[in-house]
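Take a look at the structure below.
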Amino acid sequence: MTLIALLVIAGLWSFAKRPVSKTGNPVNDEEPAGNDKIKVFYPLPNGMVSSPLVVRGEARGIWYFEASFPARLEDGNGKVLVQHYAQAEGDWMTENFVRYKSTLVFSKPTTATGTLVLEKDNPSGDPARAEELRIPVRF
């Protein structure tokens, strides 16, 4: 009986000590989603999200224009719930990865799933230069 109580206490202590960001979002130890140009640390694919959603990751300087790039959240039907931008948290005029943050505030969607879309900023409008990263999420 004592061993079971100790295991329960240890489990609760471990759960309580899980790192949480200032916004209340869990900090992930898992590999980020993305590619060689942009990575997303939070949310991870198929992760549960709620408003305000604080998106964090890193992108190479070529992904930004004037230190930001477009970010939007769509519901399961493709309806845009919120459209905003991600802001570089460092010198973006580099080919290296630069951390970014975006806070997306949205109303509760009518679908159970959706998609976070991070677009490479493309002020030229040239479709050949357009790129995006799509991350499936759950509400």
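Identifiers for the structure tokens are assigned positionally: chains receive A, B, ... in sequence, residues are indexed from 1 per chain, and ligands are indexed from 1 in the order shown.
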Item to check | Distance query region 79-82 of chain A at most 12 Å, only C-alpha atoms, self and fewer than 5 positions along chain excluded, as a PyMOL selection string | outcome: chain A and resi 50-53+70-74+102-111+113-117+139
Checklist entry - How many Å lie between CA of Lys39 (chain A) and CA of Trp63 (chain A), rounded to one decimal? => result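 Answer for the CA of Lys39 (chain A) to CA of Trp63 (chain A) separation: 11.0 Å.
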Next on the checklist: Neighbouring residues of Glu89 (chain A) were defined as those with any atom within 9 Å, considering only C-alpha atoms; residues of the same chain fewer than 6 positions away were excluded. Please report them as a list in words.
Outcome noted: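 In the requested format, the answer is Ala67, Val98, Arg99, Tyr100 and Lys101 of chain A.
Of the residues listed (A:Asn46, A:Asn35, A:Arg60, A:Ser68), A:Ser68 shows the shortest atom-to-atom separation from Asn122 (chain A); distances use only C-alpha atoms.
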Checklist entry - What's the 10 Å shell around Lys37 (chain A), counting only C-alpha atoms, without same-chain residues fewer than 5 positions away, as number ranges by chain? => result A: 58-63, 95-97, 120, 131, 133
Checklist entry - Just how far from CA of Val54 (chain A) is CA of Gly90 (chain A), in Å to one decimal? => result 17.4 Å
